[in-house]
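Input: a single structure, listed below in structure tokens.
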Amino acid sequence: MELREIITYGGYFERFFDGLSHSEQEKIGYAMLLLKTQHRLPTKWIKHLRDGLYELRIEYNSNIFRIFFIFDEGNIVVLFNGFQKKSQKTPKKEIELALTLKRCYYEDKNGRE
């Protein structure tokens with residue numbers, strides 16, 4: 001399998017990632033490596049939410065992290081926002097932000113082509 005390319009959009013992921021501890025960043029880096037190199041990942045790691053939006057699911061030291069992303073053109077993964085999950089359900093505002101970023105990403109992309 002060809003490696004997936006991972007890119008970010010909107011700066012939200014970087015702000016989220018920069019606020020994490022070094023060990024949390026390493027765990028998320030490991031999850032990114034799996035996303036980049038593995039053809040299929042179990043639902044423990046990835047879940048399809050809706051409208052082509054997925055969440056990368058990471059657990060570390062009783063903390064739960066979620067990172068929203070899409071697949072674009074088969075082997076490109078576009079990361080949007082991430083957050084530390086503190087309740088049972090994923091907050092609707094986080095999903096709505098990711099869907100807005102997805103729409104903006106495609107608008108920007110189509111404007112460049």
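By convention here, the chains of the structure tokens are called A, B, ... in the order presented, each chain's residues are numbered starting at 1, and ligands are numbered starting at 1 in the order presented.
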Practice problem: Tell me, as an NGL selection string, which residues lie within 12 Å of Thr43 in chain A, counting only C-alpha atoms; anything in the same chain fewer than 4 positions away does not count. | Solution: :A and (47-49 or 54-58)
Residues of the last selection are to be written out with C-alpha atoms, as a short mmCIF file (atom, residue, chain, number, x, y, z; two decimals), in the first residue's frame.
```cif
data_model
loop_
_atom_site.label_atom_id
_atom_site.label_comp_id
_atom_site.auth_asym_id
_atom_site.auth_seq_id
_atom_site.Cartn_x
_atom_site.Cartn_y
_atom_site.Cartn_z
CA LYS A 47 -14.89 5.86 13.50
CA HIS A 48 -16.91 7.26 10.59
CA LEU A 49 -19.24 9.95 11.92
CA TYR A 54 -14.07 10.55 10.59
CA GLU A 55 -12.61 10.73 14.05
CA LEU A 56 -9.25 9.35 15.12
CA ARG A 57 -9.71 7.96 18.62
CA ILE A 58 -6.77 8.01 21.04
#
```
Long-range neighbours of Leu33 in chain A as a ChimeraX atom specification, 10 Å cut-off, only C-alpha atoms, 5 positions minimum in chain
/A:3-4,6,27-28,38
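Taking CA of Ser62 in chain A and CA of Asp18 in chain A as the two end points, the separation is 19.6 Å.
Nearest to Tyr9 in chain A of all the residues A:Lys36, A:His22, A:Lys109, A:Lys85 is A:Lys109, based on only C-alpha atoms.
We find CA of Gln25 in chain A and CA of Asp108 in chain A to be spaced 28.6 Å apart.
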Residue list (strand (DSSP E or B), DSSP) for chain A, as a ChimeraX atom specification | /A:5-8,46-50,53-60,63-72,76-85
Output the selection as a compact mmCIF listing (two decimals), in the first residue's frame - N, CA, C and O atoms for each residue.
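Generated file (selection27.txt):
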```txt
# COMPACT_ATOMS: atom_id res chain seq x y z
N GLU A 5 -0.62 10.55 2.76
CA GLU A 5 -0.06 11.85 3.11
C GLU A 5 -1.00 12.48 4.12
O GLU A 5 -2.23 12.47 3.94
N ILE A 6 -0.46 13.03 5.19
CA ILE A 6 -1.28 13.69 6.20
C ILE A 6 -1.00 15.18 6.17
O ILE A 6 0.16 15.60 6.29
N ILE A 7 -2.07 15.96 5.98
CA ILE A 7 -1.95 17.42 5.99
C ILE A 7 -2.97 17.97 6.99
O ILE A 7 -3.86 17.25 7.44
N THR A 8 -2.82 19.22 7.33
CA THR A 8 -3.78 19.86 8.23
C THR A 8 -4.43 21.03 7.50
O THR A 8 -3.92 21.51 6.49
N ILE A 46 -10.50 4.34 14.66
CA ILE A 46 -11.17 5.23 13.70
C ILE A 46 -12.67 4.94 13.69
O ILE A 46 -13.09 3.78 13.71
N LYS A 47 -13.44 6.02 13.62
CA LYS A 47 -14.89 5.86 13.50
C LYS A 47 -15.40 6.86 12.46
O LYS A 47 -15.04 8.04 12.49
N HIS A 48 -16.25 6.37 11.54
CA HIS A 48 -16.91 7.26 10.59
C HIS A 48 -18.08 7.91 11.31
O HIS A 48 -18.90 7.23 11.93
N LEU A 49 -18.16 9.24 11.25
CA LEU A 49 -19.24 9.95 11.92
C LEU A 49 -20.40 10.21 10.97
O LEU A 49 -21.49 9.72 11.16
N ARG A 50 -20.14 11.02 9.94
CA ARG A 50 -21.14 11.31 8.92
C ARG A 50 -20.54 12.20 7.84
O ARG A 50 -19.54 12.87 8.08
N LEU A 53 -16.87 12.48 7.26
CA LEU A 53 -16.06 12.93 8.40
C LEU A 53 -15.77 11.75 9.31
O LEU A 53 -16.68 10.99 9.67
N TYR A 54 -14.51 11.62 9.70
CA TYR A 54 -14.07 10.55 10.59
C TYR A 54 -13.45 11.16 11.84
O TYR A 54 -13.06 12.32 11.85
N GLU A 55 -13.36 10.32 12.88
CA GLU A 55 -12.61 10.73 14.05
C GLU A 55 -11.54 9.69 14.34
O GLU A 55 -11.78 8.49 14.25
N LEU A 56 -10.35 10.18 14.65
CA LEU A 56 -9.25 9.35 15.12
C LEU A 56 -9.38 9.33 16.63
O LEU A 56 -9.45 10.38 17.27
N ARG A 57 -9.41 8.13 17.20
CA ARG A 57 -9.71 7.96 18.62
C ARG A 57 -8.44 7.51 19.34
O ARG A 57 -7.88 6.47 19.03
N ILE A 58 -8.01 8.30 20.32
CA ILE A 58 -6.77 8.01 21.04
C ILE A 58 -7.06 8.03 22.54
O ILE A 58 -7.67 8.98 23.04
N GLU A 59 -6.59 7.01 23.23
CA GLU A 59 -6.68 6.98 24.69
C GLU A 59 -5.27 6.95 25.25
O GLU A 59 -4.40 6.23 24.75
N TYR A 60 -5.06 7.76 26.28
CA TYR A 60 -3.75 7.80 26.92
C TYR A 60 -3.90 8.22 28.38
O TYR A 60 -4.45 9.29 28.67
N ASN A 63 -7.08 9.58 29.63
CA ASN A 63 -7.58 10.70 28.84
C ASN A 63 -7.99 10.18 27.47
O ASN A 63 -7.39 9.26 26.93
N ILE A 64 -9.01 10.80 26.92
CA ILE A 64 -9.50 10.42 25.60
C ILE A 64 -9.38 11.64 24.70
O ILE A 64 -9.82 12.73 25.05
N PHE A 65 -8.76 11.42 23.55
CA PHE A 65 -8.57 12.50 22.57
C PHE A 65 -9.26 12.10 21.27
O PHE A 65 -9.28 10.92 20.91
N ARG A 66 -9.81 13.09 20.57
CA ARG A 66 -10.43 12.87 19.28
C ARG A 66 -9.87 13.90 18.30
O ARG A 66 -9.72 15.07 18.64
N ILE A 67 -9.59 13.42 17.09
CA ILE A 67 -9.11 14.29 16.01
C ILE A 67 -9.99 14.01 14.80
O ILE A 67 -10.10 12.87 14.36
N PHE A 68 -10.61 15.06 14.26
CA PHE A 68 -11.48 14.90 13.10
C PHE A 68 -10.66 15.01 11.83
O PHE A 68 -9.75 15.82 11.73
N PHE A 69 -11.04 14.18 10.84
CA PHE A 69 -10.32 14.20 9.57
C PHE A 69 -11.21 13.68 8.45
O PHE A 69 -12.28 13.10 8.69
N ILE A 70 -10.74 13.88 7.22
CA ILE A 70 -11.37 13.32 6.04
C ILE A 70 -10.29 12.65 5.19
O ILE A 70 -9.11 12.93 5.36
N PHE A 71 -10.73 11.78 4.29
CA PHE A 71 -9.86 11.26 3.26
C PHE A 71 -10.14 12.08 2.01
O PHE A 71 -11.30 12.34 1.68
N ASP A 72 -9.10 12.50 1.33
CA ASP A 72 -9.26 13.26 0.09
C ASP A 72 -8.38 12.61 -0.97
O ASP A 72 -7.20 12.36 -0.73
N ILE A 76 -4.81 10.97 0.77
CA ILE A 76 -4.51 12.18 1.54
C ILE A 76 -5.47 12.24 2.71
O ILE A 76 -6.67 12.07 2.56
N VAL A 77 -4.93 12.46 3.88
CA VAL A 77 -5.73 12.61 5.08
C VAL A 77 -5.62 14.08 5.49
O VAL A 77 -4.52 14.61 5.64
N VAL A 78 -6.75 14.73 5.65
CA VAL A 78 -6.77 16.14 6.05
C VAL A 78 -7.27 16.21 7.49
O VAL A 78 -8.41 15.83 7.78
N LEU A 79 -6.41 16.69 8.39
CA LEU A 79 -6.77 16.81 9.80
C LEU A 79 -7.41 18.17 10.04
O LEU A 79 -6.93 19.19 9.54
N PHE A 80 -8.46 18.17 10.83
CA PHE A 80 -9.12 19.42 11.19
C PHE A 80 -8.88 19.67 12.68
O PHE A 80 -7.75 19.75 13.11
N ASN A 81 -9.92 19.76 13.45
CA ASN A 81 -9.80 20.08 14.87
C ASN A 81 -9.62 18.81 15.71
O ASN A 81 -9.97 17.72 15.29
N GLY A 82 -9.07 19.00 16.89
CA GLY A 82 -8.92 17.92 17.86
C GLY A 82 -9.30 18.46 19.22
O GLY A 82 -9.30 19.66 19.46
N PHE A 83 -9.63 17.56 20.14
CA PHE A 83 -10.01 17.98 21.48
C PHE A 83 -9.84 16.82 22.45
O PHE A 83 -9.74 15.66 22.02
N GLN A 84 -9.81 17.16 23.73
CA GLN A 84 -9.80 16.13 24.77
C GLN A 84 -11.24 15.89 25.17
O GLN A 84 -11.96 16.82 25.54
N LYS A 85 -11.65 14.66 25.07
CA LYS A 85 -13.04 14.29 25.35
C LYS A 85 -13.24 14.15 26.85
O LYS A 85 -12.50 13.43 27.51
```
Item to complete: Could you give me, as a VMD selection string, each residue of chain A that DSSP assigns to alpha helix (DSSP H) when run on this structure's backbone?
Response: chain A and resid 12 to 18 22 to 37 92 to 112
What separates CA of Glu2 in chain A and CA of Gly52 in chain A is a distance of 20.9 Å
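Remark: for Asp51 in chain A, the closest of the candidate residues A:Tyr106, A:Gly111, A:Glu94, A:Leu99 is A:Leu99 (distances computed over only C-alpha atoms).
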